[in-house]
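Everything below belongs to run06.txt, which stores compact mmCIF, N, CA and C atoms.
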# COMPACT_ATOMS: atom_id res chain seq x y z
N MET A 1 -16.26 11.55 2.28
CA MET A 1 -16.85 11.09 1.06
C MET A 1 -16.95 9.56 1.12
N GLU A 2 -18.02 9.02 0.61
CA GLU A 2 -18.23 7.58 0.71
C GLU A 2 -17.24 6.73 -0.08
N ILE A 3 -16.50 7.32 -1.00
CA ILE A 3 -15.52 6.53 -1.76
C ILE A 3 -14.14 6.55 -1.13
N ASN A 4 -13.95 7.31 -0.07
CA ASN A 4 -12.64 7.36 0.59
C ASN A 4 -12.30 6.01 1.21
N SER A 5 -11.01 5.75 1.31
CA SER A 5 -10.53 4.53 1.96
C SER A 5 -9.78 4.92 3.23
N ASP A 6 -9.40 3.92 4.01
CA ASP A 6 -8.61 4.17 5.21
C ASP A 6 -7.14 4.44 4.88
N LEU A 7 -6.76 4.17 3.63
CA LEU A 7 -5.38 4.38 3.20
C LEU A 7 -5.31 5.68 2.39
N ALA A 8 -4.13 6.04 1.97
CA ALA A 8 -3.93 7.34 1.31
C ALA A 8 -4.65 7.42 -0.03
N ASP A 9 -5.52 8.41 -0.16
CA ASP A 9 -6.16 8.78 -1.42
C ASP A 9 -5.73 10.21 -1.70
N SER A 10 -5.21 10.47 -2.91
CA SER A 10 -4.68 11.80 -3.18
C SER A 10 -4.79 12.15 -4.66
N TRP A 11 -4.43 13.38 -4.99
CA TRP A 11 -4.38 13.89 -6.36
C TRP A 11 -5.70 13.70 -7.09
N HIS A 12 -6.79 14.10 -6.48
CA HIS A 12 -8.11 13.99 -7.10
C HIS A 12 -8.21 14.95 -8.29
N SER A 13 -8.81 14.48 -9.37
CA SER A 13 -8.96 15.30 -10.57
C SER A 13 -10.32 15.00 -11.20
N TRP A 14 -11.06 16.05 -11.54
CA TRP A 14 -12.38 15.90 -12.15
C TRP A 14 -12.28 15.84 -13.66
N SER A 15 -13.20 15.10 -14.28
CA SER A 15 -13.31 15.11 -15.74
C SER A 15 -13.96 16.43 -16.15
N SER A 16 -13.84 16.78 -17.42
CA SER A 16 -14.37 18.06 -17.89
C SER A 16 -15.89 18.12 -17.80
N ASN A 17 -16.58 16.96 -17.81
CA ASN A 17 -18.04 16.98 -17.69
C ASN A 17 -18.52 16.82 -16.24
N GLY A 18 -17.59 16.71 -15.29
CA GLY A 18 -17.96 16.63 -13.89
C GLY A 18 -18.57 15.30 -13.46
N ARG A 19 -18.51 14.28 -14.31
CA ARG A 19 -19.12 12.99 -13.99
C ARG A 19 -18.13 11.94 -13.52
N TRP A 20 -16.84 12.20 -13.69
CA TRP A 20 -15.82 11.23 -13.31
C TRP A 20 -14.78 11.88 -12.41
N LEU A 21 -14.27 11.09 -11.50
CA LEU A 21 -13.21 11.53 -10.61
C LEU A 21 -12.10 10.49 -10.70
N VAL A 22 -10.88 10.92 -10.93
CA VAL A 22 -9.73 10.01 -10.93
C VAL A 22 -8.83 10.45 -9.78
N PHE A 23 -8.26 9.49 -9.10
CA PHE A 23 -7.38 9.81 -7.97
C PHE A 23 -6.41 8.67 -7.75
N SER A 24 -5.31 8.98 -7.08
CA SER A 24 -4.34 7.95 -6.69
C SER A 24 -4.75 7.41 -5.33
N SER A 25 -4.62 6.10 -5.17
CA SER A 25 -4.97 5.49 -3.89
C SER A 25 -4.06 4.31 -3.60
N LYS A 26 -3.75 4.15 -2.32
CA LYS A 26 -2.98 2.99 -1.86
C LYS A 26 -3.90 1.93 -1.28
N ARG A 27 -5.19 2.02 -1.58
CA ARG A 27 -6.18 1.11 -1.00
C ARG A 27 -5.97 -0.36 -1.37
N ARG A 28 -5.29 -0.64 -2.44
CA ARG A 28 -5.12 -2.03 -2.86
C ARG A 28 -4.16 -2.81 -1.96
N ASP A 29 -2.99 -2.18 -1.66
CA ASP A 29 -1.99 -2.91 -0.87
C ASP A 29 -1.33 -2.06 0.21
N GLY A 30 -1.69 -0.80 0.31
CA GLY A 30 -1.09 0.07 1.31
C GLY A 30 0.30 0.56 0.96
N LEU A 31 0.85 0.11 -0.16
CA LEU A 31 2.22 0.47 -0.53
C LEU A 31 2.30 1.40 -1.74
N PHE A 32 1.65 1.01 -2.82
CA PHE A 32 1.78 1.73 -4.07
C PHE A 32 0.47 2.41 -4.45
N ALA A 33 0.58 3.67 -4.86
CA ALA A 33 -0.60 4.40 -5.33
C ALA A 33 -0.93 3.95 -6.75
N ARG A 34 -2.19 3.74 -6.99
CA ARG A 34 -2.68 3.32 -8.31
C ARG A 34 -3.84 4.22 -8.71
N PRO A 35 -4.10 4.37 -10.03
CA PRO A 35 -5.19 5.24 -10.48
C PRO A 35 -6.56 4.56 -10.36
N TYR A 36 -7.45 5.19 -9.62
CA TYR A 36 -8.82 4.71 -9.45
C TYR A 36 -9.78 5.72 -10.06
N PHE A 37 -10.88 5.21 -10.61
CA PHE A 37 -11.89 6.04 -11.25
C PHE A 37 -13.23 5.81 -10.57
N SER A 38 -13.96 6.89 -10.34
CA SER A 38 -15.29 6.79 -9.75
C SER A 38 -16.24 7.64 -10.59
N TYR A 39 -17.42 7.09 -10.85
CA TYR A 39 -18.46 7.79 -11.60
C TYR A 39 -19.37 8.53 -10.63
N VAL A 40 -19.78 9.73 -11.00
CA VAL A 40 -20.72 10.52 -10.19
C VAL A 40 -22.02 10.62 -10.98
N ASP A 41 -23.11 10.09 -10.41
CA ASP A 41 -24.38 10.09 -11.14
C ASP A 41 -25.11 11.43 -11.02
N GLU A 42 -26.30 11.50 -11.64
CA GLU A 42 -27.08 12.74 -11.68
C GLU A 42 -27.49 13.23 -10.30
N GLU A 43 -27.57 12.32 -9.34
CA GLU A 43 -27.95 12.67 -7.96
C GLU A 43 -26.73 13.09 -7.13
N GLY A 44 -25.55 13.06 -7.73
CA GLY A 44 -24.33 13.44 -7.01
C GLY A 44 -23.75 12.30 -6.18
N ARG A 45 -24.23 11.07 -6.42
CA ARG A 45 -23.70 9.91 -5.69
C ARG A 45 -22.47 9.37 -6.42
N PHE A 46 -21.46 9.06 -5.63
CA PHE A 46 -20.24 8.46 -6.17
C PHE A 46 -20.42 6.95 -6.23
N HIS A 47 -19.98 6.35 -7.32
CA HIS A 47 -20.04 4.90 -7.46
C HIS A 47 -18.69 4.31 -7.10
N ARG A 48 -18.70 3.04 -6.74
CA ARG A 48 -17.50 2.35 -6.26
C ARG A 48 -16.31 2.60 -7.20
N PRO A 49 -15.20 3.08 -6.66
CA PRO A 49 -14.02 3.32 -7.49
C PRO A 49 -13.47 2.01 -8.06
N VAL A 50 -13.01 2.09 -9.30
CA VAL A 50 -12.40 0.92 -9.94
C VAL A 50 -10.97 1.26 -10.32
N LEU A 51 -10.12 0.27 -10.20
CA LEU A 51 -8.72 0.40 -10.58
C LEU A 51 -8.62 0.37 -12.10
N MET A 52 -7.76 1.21 -12.65
CA MET A 52 -7.55 1.23 -14.10
C MET A 52 -7.20 -0.17 -14.58
N PRO A 53 -8.06 -0.77 -15.43
CA PRO A 53 -7.78 -2.14 -15.89
C PRO A 53 -6.54 -2.21 -16.77
N GLN A 54 -5.87 -3.35 -16.73
CA GLN A 54 -4.70 -3.60 -17.55
C GLN A 54 -4.92 -4.89 -18.34
N GLU A 55 -4.23 -5.03 -19.45
CA GLU A 55 -4.36 -6.23 -20.26
C GLU A 55 -3.96 -7.48 -19.47
N ASP A 56 -2.90 -7.37 -18.70
CA ASP A 56 -2.42 -8.48 -17.87
C ASP A 56 -3.04 -8.35 -16.48
N PRO A 57 -3.89 -9.29 -16.05
CA PRO A 57 -4.54 -9.17 -14.75
C PRO A 57 -3.57 -9.15 -13.57
N THR A 58 -2.34 -9.63 -13.76
CA THR A 58 -1.37 -9.63 -12.67
C THR A 58 -0.44 -8.40 -12.71
N PHE A 59 -0.74 -7.48 -13.60
CA PHE A 59 0.11 -6.30 -13.80
C PHE A 59 0.45 -5.59 -12.49
N TYR A 60 -0.56 -5.28 -11.69
CA TYR A 60 -0.32 -4.51 -10.47
C TYR A 60 0.40 -5.32 -9.39
N ASP A 61 0.43 -6.64 -9.52
CA ASP A 61 1.17 -7.46 -8.55
C ASP A 61 2.68 -7.35 -8.76
N ALA A 62 3.10 -7.07 -9.99
CA ALA A 62 4.52 -7.06 -10.31
C ALA A 62 5.07 -5.66 -10.60
N PHE A 63 4.22 -4.73 -10.98
CA PHE A 63 4.68 -3.40 -11.37
C PHE A 63 4.92 -2.55 -10.12
N ILE A 64 6.17 -2.17 -9.88
CA ILE A 64 6.48 -1.45 -8.65
C ILE A 64 6.70 0.05 -8.86
N LYS A 65 6.61 0.51 -10.10
CA LYS A 65 6.70 1.95 -10.32
C LYS A 65 5.34 2.56 -10.01
N THR A 66 5.34 3.81 -9.65
CA THR A 66 4.07 4.46 -9.34
C THR A 66 4.01 5.83 -10.00
N TYR A 67 2.85 6.18 -10.48
CA TYR A 67 2.60 7.48 -11.10
C TYR A 67 1.46 8.11 -10.31
N ASN A 68 1.78 9.15 -9.56
CA ASN A 68 0.85 9.67 -8.58
C ASN A 68 0.06 10.90 -8.97
N VAL A 69 0.09 11.29 -10.22
CA VAL A 69 -0.63 12.49 -10.61
C VAL A 69 -1.58 12.16 -11.77
N PRO A 70 -2.66 11.45 -11.50
CA PRO A 70 -3.59 11.14 -12.59
C PRO A 70 -4.43 12.36 -12.94
N VAL A 71 -4.55 12.67 -14.20
CA VAL A 71 -5.39 13.78 -14.63
C VAL A 71 -6.14 13.39 -15.90
N PHE A 72 -7.31 13.96 -16.06
CA PHE A 72 -8.06 13.80 -17.29
C PHE A 72 -7.59 14.89 -18.25
N ILE A 73 -7.51 14.56 -19.52
CA ILE A 73 -7.17 15.56 -20.52
C ILE A 73 -8.23 15.51 -21.60
N THR A 74 -8.38 16.61 -22.33
CA THR A 74 -9.40 16.67 -23.38
C THR A 74 -8.80 16.72 -24.77
N GLY A 75 -7.49 16.68 -24.86
CA GLY A 75 -6.84 16.74 -26.16
C GLY A 75 -5.78 15.66 -26.29
N PRO A 76 -5.18 15.59 -27.45
CA PRO A 76 -4.15 14.57 -27.65
C PRO A 76 -2.89 14.88 -26.85
N VAL A 77 -2.18 13.83 -26.50
CA VAL A 77 -0.87 13.99 -25.87
C VAL A 77 0.13 14.16 -27.01
N LYS A 78 0.80 15.28 -27.03
CA LYS A 78 1.73 15.57 -28.12
C LYS A 78 3.12 15.11 -27.74
N VAL A 79 3.64 14.18 -28.52
CA VAL A 79 4.99 13.68 -28.30
C VAL A 79 5.60 13.41 -29.68
N SER A 80 6.84 13.75 -29.83
CA SER A 80 7.49 13.52 -31.12
C SER A 80 7.77 12.03 -31.29
N GLU A 81 7.85 11.60 -32.54
CA GLU A 81 8.18 10.20 -32.82
C GLU A 81 9.52 9.84 -32.21
N ARG A 82 10.45 10.78 -32.27
CA ARG A 82 11.79 10.54 -31.74
C ARG A 82 11.75 10.27 -30.23
N ASN A 83 11.04 11.12 -29.48
CA ASN A 83 10.96 10.93 -28.03
C ASN A 83 10.19 9.67 -27.66
N LEU A 84 9.16 9.35 -28.43
CA LEU A 84 8.41 8.13 -28.17
C LEU A 84 9.30 6.90 -28.40
N ALA A 85 10.03 6.90 -29.51
CA ALA A 85 10.93 5.78 -29.79
C ALA A 85 12.02 5.68 -28.73
N ARG A 86 12.53 6.82 -28.28
CA ARG A 86 13.55 6.83 -27.24
C ARG A 86 13.01 6.20 -25.95
N ALA A 87 11.79 6.53 -25.59
CA ALA A 87 11.18 5.99 -24.37
C ALA A 87 10.95 4.48 -24.49
N ILE A 88 10.61 4.02 -25.68
CA ILE A 88 10.34 2.59 -25.88
C ILE A 88 11.63 1.78 -25.88
N TYR A 89 12.63 2.26 -26.62
CA TYR A 89 13.85 1.47 -26.80
C TYR A 89 14.90 1.67 -25.71
N ASP A 90 14.75 2.71 -24.91
CA ASP A 90 15.71 2.97 -23.83
C ASP A 90 14.94 3.37 -22.57
N PRO A 91 14.18 2.41 -21.99
CA PRO A 91 13.31 2.75 -20.85
C PRO A 91 14.07 3.17 -19.59
N ASP A 92 15.37 2.86 -19.51
CA ASP A 92 16.14 3.26 -18.34
C ASP A 92 16.61 4.71 -18.40
N ARG A 93 16.49 5.31 -19.56
CA ARG A 93 16.88 6.71 -19.72
C ARG A 93 15.66 7.58 -19.41
N PRO A 94 15.73 8.35 -18.35
CA PRO A 94 14.55 9.14 -17.97
C PRO A 94 14.27 10.27 -18.95
N LEU A 95 13.00 10.50 -19.20
CA LEU A 95 12.56 11.63 -20.00
C LEU A 95 11.87 12.61 -19.08
N SER A 96 12.07 13.86 -19.30
CA SER A 96 11.45 14.88 -18.45
C SER A 96 10.20 15.42 -19.13
N ALA A 97 9.12 15.47 -18.37
CA ALA A 97 7.88 16.07 -18.87
C ALA A 97 8.03 17.58 -18.84
N GLN A 98 7.40 18.23 -19.80
CA GLN A 98 7.44 19.69 -19.82
C GLN A 98 6.02 20.21 -19.74
N LEU A 99 5.79 21.11 -18.81
CA LEU A 99 4.48 21.72 -18.65
C LEU A 99 4.26 22.72 -19.78
N ASP A 100 3.09 22.69 -20.36
CA ASP A 100 2.73 23.65 -21.40
C ASP A 100 2.79 25.06 -20.80
N PRO A 101 3.60 25.96 -21.35
CA PRO A 101 3.74 27.30 -20.76
C PRO A 101 2.43 28.07 -20.72
N ARG A 102 1.49 27.76 -21.62
CA ARG A 102 0.19 28.45 -21.59
C ARG A 102 -0.60 28.05 -20.35
N VAL A 103 -0.43 26.79 -19.91
CA VAL A 103 -1.12 26.33 -18.70
C VAL A 103 -0.54 27.02 -17.48
N ALA A 104 0.78 27.06 -17.38
CA ALA A 104 1.43 27.71 -16.24
C ALA A 104 1.04 29.18 -16.17
N SER A 105 0.99 29.85 -17.31
CA SER A 105 0.64 31.26 -17.35
C SER A 105 -0.80 31.47 -16.90
N ALA A 106 -1.73 30.64 -17.37
CA ALA A 106 -3.13 30.77 -16.98
C ALA A 106 -3.30 30.48 -15.50
N LEU A 107 -2.59 29.48 -14.99
CA LEU A 107 -2.68 29.17 -13.56
C LEU A 107 -2.14 30.31 -12.72
N GLN A 108 -1.06 30.92 -13.16
CA GLN A 108 -0.47 32.03 -12.41
C GLN A 108 -1.44 33.21 -12.36
N GLN A 109 -2.12 33.48 -13.48
CA GLN A 109 -3.09 34.57 -13.50
C GLN A 109 -4.25 34.28 -12.55
N ASP A 110 -4.73 33.04 -12.53
CA ASP A 110 -5.84 32.66 -11.64
C ASP A 110 -5.43 32.73 -10.18
N ALA A 111 -4.19 32.39 -9.88
CA ALA A 111 -3.74 32.32 -8.49
C ALA A 111 -3.35 33.69 -7.94
N GLY A 112 -3.14 34.67 -8.81
CA GLY A 112 -2.68 35.97 -8.33
C GLY A 112 -1.30 35.83 -7.71
N ASP A 113 -1.18 36.18 -6.45
CA ASP A 113 0.10 36.07 -5.75
C ASP A 113 0.24 34.73 -5.03
N GLY A 114 -0.79 33.89 -5.09
CA GLY A 114 -0.75 32.61 -4.38
C GLY A 114 0.08 31.58 -5.11
N PRO A 115 0.23 30.41 -4.52
CA PRO A 115 1.02 29.35 -5.15
C PRO A 115 0.32 28.78 -6.38
N VAL A 116 1.09 28.29 -7.30
CA VAL A 116 0.56 27.67 -8.52
C VAL A 116 0.77 26.17 -8.43
N GLU A 117 -0.28 25.41 -8.68
CA GLU A 117 -0.20 23.95 -8.66
C GLU A 117 -0.43 23.47 -10.09
N PRO A 118 0.65 23.27 -10.88
CA PRO A 118 0.50 22.95 -12.29
C PRO A 118 -0.09 21.58 -12.58
N TYR A 119 -0.15 20.70 -11.60
CA TYR A 119 -0.64 19.36 -11.86
C TYR A 119 -2.09 19.19 -11.43
N SER A 120 -2.73 20.24 -10.99
CA SER A 120 -4.13 20.19 -10.61
C SER A 120 -4.98 20.34 -11.85
N SER A 121 -6.19 19.82 -11.82
CA SER A 121 -7.10 20.01 -12.94
C SER A 121 -7.58 21.45 -12.98
N GLY A 122 -7.36 22.19 -11.88
CA GLY A 122 -7.76 23.58 -11.84
C GLY A 122 -9.23 23.78 -11.56
N THR A 123 -9.96 22.69 -11.36
CA THR A 123 -11.39 22.81 -11.10
C THR A 123 -11.71 22.26 -9.73
N THR A 124 -12.74 22.80 -9.15
CA THR A 124 -13.24 22.28 -7.88
C THR A 124 -14.71 22.00 -8.03
N ARG A 125 -15.24 21.24 -7.14
CA ARG A 125 -16.66 20.90 -7.23
C ARG A 125 -17.31 21.21 -5.92

Serialized structure, structure tokens:
Amino acid sequence: MEINSDLADSWHSWSSNGRWLVFSSKRRDGLFARPYFSYVDEEGRFHRPVLMPQEDPTFYDAFIKTYNVPVFITGPVKVSERNLARAIYDPDRPLSAQLDPRVASALQQDAGDGPVEPYSSGTTR
């Protein structure tokens, strides 16, 4: 694909309308995966991937944590006020994400006896 880099590109996920692709890539520095977005036009051409912009232009120079499973969602992220406050005021205390059991069940039905990948968008192009 013309948007691939020589460094690791992984965890590709399509938008629900099939026009955007988000993926993790180490193309910036070879060390940390960052979320890149590419637009796919009507002719099926991919446009140059862009790094998710941040308010602070030096953010990616100093931020050493990495989140390697970028996905598009079509609904709100549901989090309780309590858990959100806990994450803000105590960032060193890890919070565990919980997969929606309806998603796991649907994925298991689609996969039959095969493996289930709960972090995939579930779509292919």

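The interatomic distance for the pair atom CA of Gly75 of chain A and atom CA of Phe23 of chain A works out to 19.5 Å.
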
Give the helix (DSSP H, G or I) residues of segment 40-98 of chain A, as assigned by DSSP on the backbone, as a PyMOL selection string. chain A and resi 59-62+81-89

With N, CA and C atoms retained, export the selected residues as a compact mmCIF listing (two decimals), in the frame of the given file.
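Full text of part-v4.txt as output:
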# COMPACT_ATOMS: atom_id res chain seq x y z
N PHE A 59 -0.74 -7.48 -13.60
CA PHE A 59 0.11 -6.30 -13.80
C PHE A 59 0.45 -5.59 -12.49
N TYR A 60 -0.56 -5.28 -11.69
CA TYR A 60 -0.32 -4.51 -10.47
C TYR A 60 0.40 -5.32 -9.39
N ASP A 61 0.43 -6.64 -9.52
CA ASP A 61 1.17 -7.46 -8.55
C ASP A 61 2.68 -7.35 -8.76
N ALA A 62 3.10 -7.07 -9.99
CA ALA A 62 4.52 -7.06 -10.31
C ALA A 62 5.07 -5.66 -10.60
N GLU A 81 7.85 11.60 -32.54
CA GLU A 81 8.18 10.20 -32.82
C GLU A 81 9.52 9.84 -32.21
N ARG A 82 10.45 10.78 -32.27
CA ARG A 82 11.79 10.54 -31.74
C ARG A 82 11.75 10.27 -30.23
N ASN A 83 11.04 11.12 -29.48
CA ASN A 83 10.96 10.93 -28.03
C ASN A 83 10.19 9.67 -27.66
N LEU A 84 9.16 9.35 -28.43
CA LEU A 84 8.41 8.13 -28.17
C LEU A 84 9.30 6.90 -28.40
N ALA A 85 10.03 6.90 -29.51
CA ALA A 85 10.93 5.78 -29.79
C ALA A 85 12.02 5.68 -28.73
N ARG A 86 12.53 6.82 -28.28
CA ARG A 86 13.55 6.83 -27.24
C ARG A 86 13.01 6.20 -25.95
N ALA A 87 11.79 6.53 -25.59
CA ALA A 87 11.18 5.99 -24.37
C ALA A 87 10.95 4.48 -24.49
N ILE A 88 10.61 4.02 -25.68
CA ILE A 88 10.34 2.59 -25.88
C ILE A 88 11.63 1.78 -25.88
N TYR A 89 12.63 2.26 -26.62
CA TYR A 89 13.85 1.47 -26.80
C TYR A 89 14.90 1.67 -25.71

Find the residues near segment 60-71 of chain A: any atom within 7 Å, counting all atoms listed in the file, skip ones fewer than 6 places away on the same chain, and give them as a PyMOL selection string. chain A and resi 10-14+22-24+32-35+119+121

Enter the distance from atom CA of Pro94 of chain A to atom CA of Met52 of chain A, in Å, rounded to one decimal. 23.8 Å

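Here atom CA of Asn83 of chain A and atom N of Tyr36 of chain A stand 26.7 Å from one another.
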